[in-house]
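Source file: model_29.pdb; contents: PDB, C-alpha atoms, pLDDT in the B column.
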ATOM      1  CA  MET J 173     -48.501  40.780 -79.238  1.00 64.00           C
ATOM      2  CA  SER J 174     -48.255  38.127 -81.937  1.00 70.00           C
ATOM      3  CA  ARG J 175     -47.090  39.295 -85.364  1.00 68.00           C
ATOM      4  CA  SER J 176     -47.224  37.601 -88.717  1.00 76.00           C
ATOM      5  CA  GLU J 177     -45.474  40.548 -90.444  1.00 89.00           C
ATOM      6  CA  PRO J 178     -41.875  40.930 -89.242  1.00 94.00           C
ATOM      7  CA  ILE J 179     -40.435  43.923 -87.449  1.00 96.00           C
ATOM      8  CA  LEU J 180     -36.956  44.995 -88.604  1.00 97.00           C
ATOM      9  CA  ALA J 181     -34.561  45.687 -85.760  1.00 98.00           C
ATOM     10  CA  TRP J 182     -30.799  45.542 -85.114  1.00 98.00           C
ATOM     11  CA  ARG J 183     -28.590  43.075 -83.248  1.00 97.00           C
ATOM     12  CA  SER J 184     -25.122  41.589 -83.103  1.00 98.00           C
ATOM     13  CA  TRP J 185     -23.869  38.016 -83.409  1.00 98.00           C
ATOM     14  CA  ARG J 186     -20.532  36.279 -83.143  1.00 98.00           C
ATOM     15  CA  LEU J 187     -19.099  33.938 -85.750  1.00 98.00           C
ATOM     16  CA  ARG J 188     -18.346  30.356 -84.782  1.00 97.00           C
ATOM     17  CA  ILE J 189     -14.752  29.355 -84.141  1.00 96.00           C
ATOM     18  CA  ASP J 190     -14.076  25.668 -84.747  1.00 94.00           C
ATOM     19  CA  PRO J 191     -12.750  24.295 -81.420  1.00 93.00           C
ATOM     20  CA  ASP J 192     -10.384  21.847 -83.145  1.00 95.00           C
ATOM     21  CA  THR J 193      -8.883  24.004 -85.902  1.00 95.00           C
ATOM     22  CA  TYR J 194      -9.578  27.487 -84.452  1.00 93.00           C
ATOM     23  CA  SER J 195     -10.774  28.534 -87.905  1.00 94.00           C
ATOM     24  CA  VAL J 196     -13.623  31.027 -88.227  1.00 95.00           C
ATOM     25  CA  GLN J 197     -16.757  29.577 -89.782  1.00 96.00           C
ATOM     26  CA  PRO J 198     -19.657  31.479 -91.396  1.00 96.00           C
ATOM     27  CA  VAL J 199     -22.133  30.421 -88.715  1.00 98.00           C
ATOM     28  CA  LEU J 200     -23.973  33.067 -86.705  1.00 98.00           C
ATOM     29  CA  GLU J 201     -24.112  32.479 -82.962  1.00 98.00           C
ATOM     30  CA  SER J 202     -25.638  34.388 -80.090  1.00 97.00           C
ATOM     31  CA  CYS J 203     -22.945  36.563 -78.491  1.00 96.00           C
ATOM     32  CA  VAL J 204     -24.149  35.708 -74.985  1.00 93.00           C
ATOM     33  CA  TYR J 205     -25.285  32.074 -75.136  1.00 92.00           C
ATOM     34  CA  GLY J 206     -23.447  30.767 -78.207  1.00 94.00           C
ATOM     35  CA  GLU J 207     -26.627  29.307 -79.719  1.00 96.00           C
ATOM     36  CA  PRO J 208     -26.137  28.745 -83.473  1.00 97.00           C
ATOM     37  CA  TRP J 209     -28.619  30.436 -85.803  1.00 98.00           C
ATOM     38  CA  PRO J 210     -29.668  27.950 -88.495  1.00 98.00           C
ATOM     39  CA  GLU J 211     -29.214  28.764 -92.154  1.00 97.00           C
ATOM     40  CA  ARG J 212     -32.384  29.380 -94.175  1.00 97.00           C
ATOM     41  CA  GLU J 213     -34.815  28.788 -91.310  1.00 97.00           C
ATOM     42  CA  ALA J 214     -36.142  30.804 -88.412  1.00 97.00           C
ATOM     43  CA  PHE J 215     -34.261  30.944 -85.136  1.00 97.00           C
ATOM     44  CA  ALA J 216     -36.713  30.186 -82.320  1.00 96.00           C
ATOM     45  CA  ALA J 217     -36.309  31.372 -78.758  1.00 95.00           C
ATOM     46  CA  TYR J 218     -36.494  28.715 -76.059  1.00 92.00           C
ATOM     47  CA  CYS J 219     -37.607  28.761 -72.436  1.00 93.00           C
ATOM     48  CA  PRO J 220     -38.532  25.604 -70.526  1.00 92.00           C
ATOM     49  CA  GLU J 221     -41.073  27.484 -68.418  1.00 92.00           C
ATOM     50  CA  HIS J 222     -43.610  28.846 -70.924  1.00 90.00           C
ATOM     51  CA  GLU J 223     -44.502  30.045 -74.412  1.00 81.00           C
ATOM     52  CA  LEU J 224     -42.150  32.795 -75.508  1.00 83.00           C
ATOM     53  CA  PRO J 225     -41.577  35.509 -74.601  1.00 93.00           C
ATOM     54  CA  GLU J 226     -43.401  36.411 -71.396  1.00 93.00           C
ATOM     55  CA  PRO J 227     -43.396  39.861 -69.785  1.00 93.00           C
ATOM     56  CA  THR J 228     -42.408  38.354 -66.409  1.00 93.00           C
ATOM     57  CA  CYS J 229     -39.394  36.493 -67.837  1.00 93.00           C
ATOM     58  CA  GLY J 230     -36.290  37.733 -69.644  1.00 92.00           C
ATOM     59  CA  CYS J 231     -36.519  35.120 -72.394  1.00 94.00           C
ATOM     60  CA  GLY J 232     -36.752  35.798 -76.099  1.00 96.00           C
ATOM     61  CA  ILE J 233     -34.533  36.931 -78.953  1.00 97.00           C
ATOM     62  CA  TYR J 234     -33.240  40.412 -78.178  1.00 97.00           C
ATOM     63  CA  ALA J 235     -32.843  43.176 -80.736  1.00 98.00           C
ATOM     64  CA  VAL J 236     -32.530  46.953 -80.497  1.00 98.00           C
ATOM     65  CA  THR J 237     -34.238  49.645 -82.515  1.00 98.00           C
ATOM     66  CA  THR J 238     -31.131  51.477 -83.713  1.00 97.00           C
ATOM     67  CA  ARG J 239     -27.852  50.684 -85.410  1.00 96.00           C
ATOM     68  CA  PRO J 240     -25.881  52.653 -82.772  1.00 96.00           C
ATOM     69  CA  GLY J 241     -27.482  50.448 -80.126  1.00 96.00           C
ATOM     70  CA  ALA J 242     -26.405  47.306 -81.978  1.00 97.00           C
ATOM     71  CA  LEU J 243     -22.889  48.710 -82.395  1.00 96.00           C
ATOM     72  CA  GLU J 244     -22.754  49.301 -78.630  1.00 96.00           C
ATOM     73  CA  TRP J 245     -23.601  45.620 -78.084  1.00 95.00           C
ATOM     74  CA  ALA J 246     -21.019  44.683 -80.734  1.00 96.00           C
ATOM     75  CA  ARG J 247     -18.245  46.726 -79.113  1.00 95.00           C
ATOM     76  CA  TRP J 248     -18.919  44.959 -75.817  1.00 96.00           C
ATOM     77  CA  ALA J 249     -18.757  41.590 -77.616  1.00 96.00           C
ATOM     78  CA  GLN J 250     -15.491  42.525 -79.361  1.00 94.00           C
ATOM     79  CA  SER J 251     -13.938  43.369 -75.997  1.00 94.00           C
ATOM     80  CA  ALA J 252     -15.140  40.151 -74.333  1.00 94.00           C
ATOM     81  CA  LEU J 253     -14.951  37.476 -77.050  1.00 95.00           C
ATOM     82  CA  PRO J 254     -12.232  36.175 -79.400  1.00 94.00           C
ATOM     83  CA  ASN J 255     -14.833  35.629 -82.161  1.00 96.00           C
ATOM     84  CA  PRO J 256     -15.359  37.990 -85.092  1.00 97.00           C
ATOM     85  CA  ILE J 257     -18.510  40.055 -84.532  1.00 97.00           C
ATOM     86  CA  VAL J 258     -21.362  40.641 -86.973  1.00 98.00           C
ATOM     87  CA  VAL J 259     -23.838  43.530 -86.852  1.00 97.00           C
ATOM     88  CA  GLY J 260     -27.011  43.634 -88.852  1.00 97.00           C
ATOM     89  CA  ARG J 261     -30.707  43.946 -89.161  1.00 98.00           C
ATOM     90  CA  VAL J 262     -32.944  41.102 -88.102  1.00 98.00           C
ATOM     91  CA  GLN J 263     -36.567  40.246 -88.822  1.00 98.00           C
ATOM     92  CA  LEU J 264     -38.633  39.529 -85.689  1.00 97.00           C
ATOM     93  CA  TRP J 265     -42.059  37.910 -85.615  1.00 96.00           C
ATOM     94  CA  GLY J 266     -44.355  35.634 -83.650  1.00 95.00           C
ATOM     95  CA  ARG J 267     -44.779  36.939 -80.131  1.00 95.00           C
ATOM     96  CA  VAL J 268     -42.845  40.222 -79.909  1.00 96.00           C
ATOM     97  CA  LEU J 269     -42.627  42.272 -76.711  1.00 96.00           C
ATOM     98  CA  PRO J 270     -40.977  45.643 -76.133  1.00 95.00           C
ATOM     99  CA  HIS J 271     -37.959  45.947 -73.858  1.00 92.00           C
ATOM    100  CA  SER J 272     -35.981  48.976 -72.764  1.00 90.00           C
ATOM    101  CA  ALA J 273     -33.957  49.410 -75.980  1.00 93.00           C
ATOM    102  CA  GLY J 274     -35.992  47.428 -78.487  1.00 97.00           C
ATOM    103  CA  TYR J 275     -37.715  44.058 -78.578  1.00 97.00           C
ATOM    104  CA  ARG J 276     -37.774  40.459 -77.365  1.00 97.00           C
ATOM    105  CA  ALA J 277     -39.164  38.069 -79.964  1.00 97.00           C
ATOM    106  CA  GLN J 278     -40.256  34.480 -80.358  1.00 96.00           C
ATOM    107  CA  LEU J 279     -38.857  34.049 -83.896  1.00 97.00           C
ATOM    108  CA  ALA J 280     -36.119  35.776 -85.892  1.00 98.00           C
ATOM    109  CA  TYR J 281     -34.064  35.599 -89.069  1.00 98.00           C
ATOM    110  CA  PRO J 282     -31.156  37.784 -90.269  1.00 98.00           C
ATOM    111  CA  TYR J 283     -32.044  40.346 -92.927  1.00 98.00           C
ATOM    112  CA  GLU J 284     -28.767  42.176 -93.580  1.00 97.00           C
ATOM    113  CA  LEU J 285     -25.305  41.519 -92.144  1.00 98.00           C
ATOM    114  CA  GLY J 286     -21.883  43.112 -91.891  1.00 97.00           C
ATOM    115  CA  VAL J 287     -18.725  41.678 -90.288  1.00 97.00           C
ATOM    116  CA  LEU J 288     -16.799  44.158 -88.159  1.00 96.00           C
ATOM    117  CA  ALA J 289     -13.119  44.482 -88.981  1.00 93.00           C
ATOM    118  CA  SER J 290     -10.856  44.560 -85.921  1.00 91.00           C
ATOM    119  CA  GLU J 291      -7.211  44.329 -84.893  1.00 89.00           C
ATOM    120  CA  SER J 292      -7.365  40.554 -85.362  1.00 88.00           C
ATOM    121  CA  LEU J 293      -9.609  40.551 -88.470  1.00 92.00           C
ATOM    122  CA  GLY J 294      -8.636  42.695 -91.425  1.00 93.00           C
ATOM    123  CA  VAL J 295     -11.060  44.317 -93.850  1.00 94.00           C
ATOM    124  CA  ALA J 296     -10.352  41.782 -96.628  1.00 95.00           C
ATOM    125  CA  ASP J 297     -11.081  38.846 -94.294  1.00 95.00           C
ATOM    126  CA  ALA J 298     -14.236  40.567 -93.027  1.00 96.00           C
ATOM    127  CA  ARG J 299     -15.478  41.007 -96.622  1.00 96.00           C
ATOM    128  CA  ARG J 300     -14.680  37.340 -97.403  1.00 96.00           C
ATOM    129  CA  LEU J 301     -16.703  36.224 -94.367  1.00 97.00           C
ATOM    130  CA  GLU J 302     -19.571  38.488 -95.455  1.00 97.00           C
ATOM    131  CA  ARG J 303     -19.704  36.763 -98.822  1.00 97.00           C
ATOM    132  CA  LEU J 304     -19.807  33.360 -97.098  1.00 97.00           C
ATOM    133  CA  LEU J 305     -22.594  34.541 -94.776  1.00 98.00           C
ATOM    134  CA  GLN J 306     -24.515  35.928 -97.742  1.00 97.00           C
ATOM    135  CA  ALA J 307     -24.394  32.549 -99.477  1.00 98.00           C
ATOM    136  CA  ALA J 308     -25.235  30.580 -96.328  1.00 98.00           C
ATOM    137  CA  TYR J 309     -28.105  32.719 -95.013  1.00 98.00           C
ATOM    138  CA  LEU J 310     -29.302  34.270 -98.305  1.00 98.00           C
ATOM    139  CA  VAL J 311     -29.124  37.796 -96.867  1.00 97.00           C
ATOM    140  CA  ASP J 312     -27.956  41.186 -98.036  1.00 96.00           C
ATOM    141  CA  ILE J 313     -24.611  42.568 -96.928  1.00 96.00           C
ATOM    142  CA  SER J 314     -24.698  45.976 -95.313  1.00 90.00           C
ATOM    143  CA  GLU J 315     -22.740  48.730 -97.043  1.00 73.00           C
ATOM    144  CA  ARG J 316     -20.769  49.546 -93.945  1.00 60.00           C
ATOM    145  CA  ALA J 317     -20.357  47.243 -90.988  1.00 53.00           C
ATOM    146  CA  ALA J 318     -18.523  49.564 -88.610  1.00 50.00           C
TER     147      ALA J 318
END

Let me see whether you can do it: turn the structure in this file into structure tokens.
Amino acid sequence: MSRSEPILAWRSWRLRIDPDTYSVQPVLESCVYGEPWPEREAFAAYCPEHELPEPTCGCGIYAVTTRPGALEWARWAQSALPNPIVVGRVQLWGRVLPHSAGYRAQLAYPYELGVLASESLGVADARRLERLLQAAYLVDISERAA
């Protein structure tokens, strides 16, 4: 189904870590593939085989229907990655297909973000990164990230 009006769903991202300085940068990346999400323009899914997404392929931009589902993804990411993790709502449009916990979409853009505090990232640093993300992506900051 192709949509011109976006669907709001939930997902998680990681923040980029500069490989030279190891500093955290306010750039959203896919937790699984590390693809950077551009500021102020749509993120487009890519598959070399066909137009996206297709029911017979697992391609597309994944998002879940609930915040608890996104937090489950985020907790996995926190346990597997050194990067700070972001949870938020995302707008999905273009070709959007259902999957078991939500959707796979052709196009997406963040709508509302929150950085999860952790043992290695205090609340004050998480709030600072949220402000940087807000300025970079022109999005709202969620009232509670965790």

query = So, counting all atoms listed in the file, which residue among J:Pro220, J:Gly286, J:Gly274, J:Gly232 is closest to J:Arg300?
reply = J:Gly286

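If you measure from each of J:Tyr281, J:Tyr218, J:Tyr275, J:Tyr194 to J:Thr238 using all atoms listed in the file, the closest one turns out to be J:Tyr275.
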
query = So which residues are close to (-45.5, 35.5, -90.8), meaning at most 12 Å away in the file's coordinates with all atoms listed in the file counted, and can you show them as a VMD selection string?
reply = chain J and resid 174 to 179 214 263 to 267 278 to 281

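Picture a line from atom CA of J:Arg188 to atom CA of J:Ala249; it runs 13.3 Å.
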
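Take atom CA of J:His271 and atom CA of J:Gly206: the distance between them is 21.4 Å.
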
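The residues caught by the PyMOL selection byres ((chain J and resi 180-185) around 7) in this file are J:Pro178, J:Ile179, J:Arg186, J:Leu187, J:Leu200, J:Glu201, J:Ser202, J:Cys203, J:Ala235, J:Val236, J:Thr237, J:Thr238, J:Arg239, J:Ala242, J:Trp245, J:Ala246, J:Ile257, J:Val258, J:Val259, J:Gly260, J:Arg261, J:Val262, J:Gln263, J:Leu264.
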
Output, as AutoDock Vina command-line options, the centre and edge lengths in Å (one decimal) of the axis-aligned box that contains all listed atoms of stretch 188-204 of chain J with 8 Å of margin on each side.
--center_x -17.3 --center_y 29.2 --center_z -83.2 --size_x 32.8 --size_y 30.7 --size_z 32.4

Residue neighbourhood J:Ser292, 12 Å, only C-alpha atoms, exclusion window fewer than 6 positions, as a list in words =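 Residues near the query, excluding close chain neighbours: Val196, Gln250, Ser251, Leu253, Pro254, Asn255, Pro256, Ile257 and Ala298 of chain J.
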
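Comparing the minimum interatomic distances between J:Pro270 and each of J:Leu310, J:Val199, J:Tyr234, J:Val204, counting only C-alpha atoms, we find that J:Tyr234 sits nearest.
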
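For the choices J:Leu288, J:Ala307, J:Ala296, J:Cys229, the atom-to-atom distance to J:Leu269 is smallest for J:Cys229 when using all atoms listed in the file.
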
task = Report the distance between atom CA of J:Pro282 and atom CA of J:Pro240 in Å, rounded to one decimal place.
result = 17.5 Å

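Closest approach to J:Arg212 among J:Ile313, J:Leu285, J:Leu305, J:Leu293 is made by J:Leu305 (distances from all atoms listed in the file).
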
task = For each of J:Thr193, J:Glu244, J:Pro227, J:Pro198, take the minimum atom-to-atom distance to J:Ala277, counting all atoms listed in the file, then give the residue where this is smallest.
result =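 Of the candidates, the smallest distance to J:Ala277 is held by J:Pro227.
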
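Using all atoms listed in the file, every residue with an atom at most 7 Å from the point (-32.3, 43.8, -97.3) is listed here: Tyr283, Glu284, Val311 and Asp312 of chain J.
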
Restricted to C-alpha atoms, what would the selected residues look like written as a JSON list (two decimals), in the coordinates of the input?
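Result file is again-v3.json:
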[["chain", "number", "residue", "atom", "x", "y", "z"],
["J", 283, "TYR", "CA", -32.04, 40.35, -92.93],
["J", 284, "GLU", "CA", -28.77, 42.18, -93.58],
["J", 311, "VAL", "CA", -29.12, 37.80, -96.87],
["J", 312, "ASP", "CA", -27.96, 41.19, -98.04]]
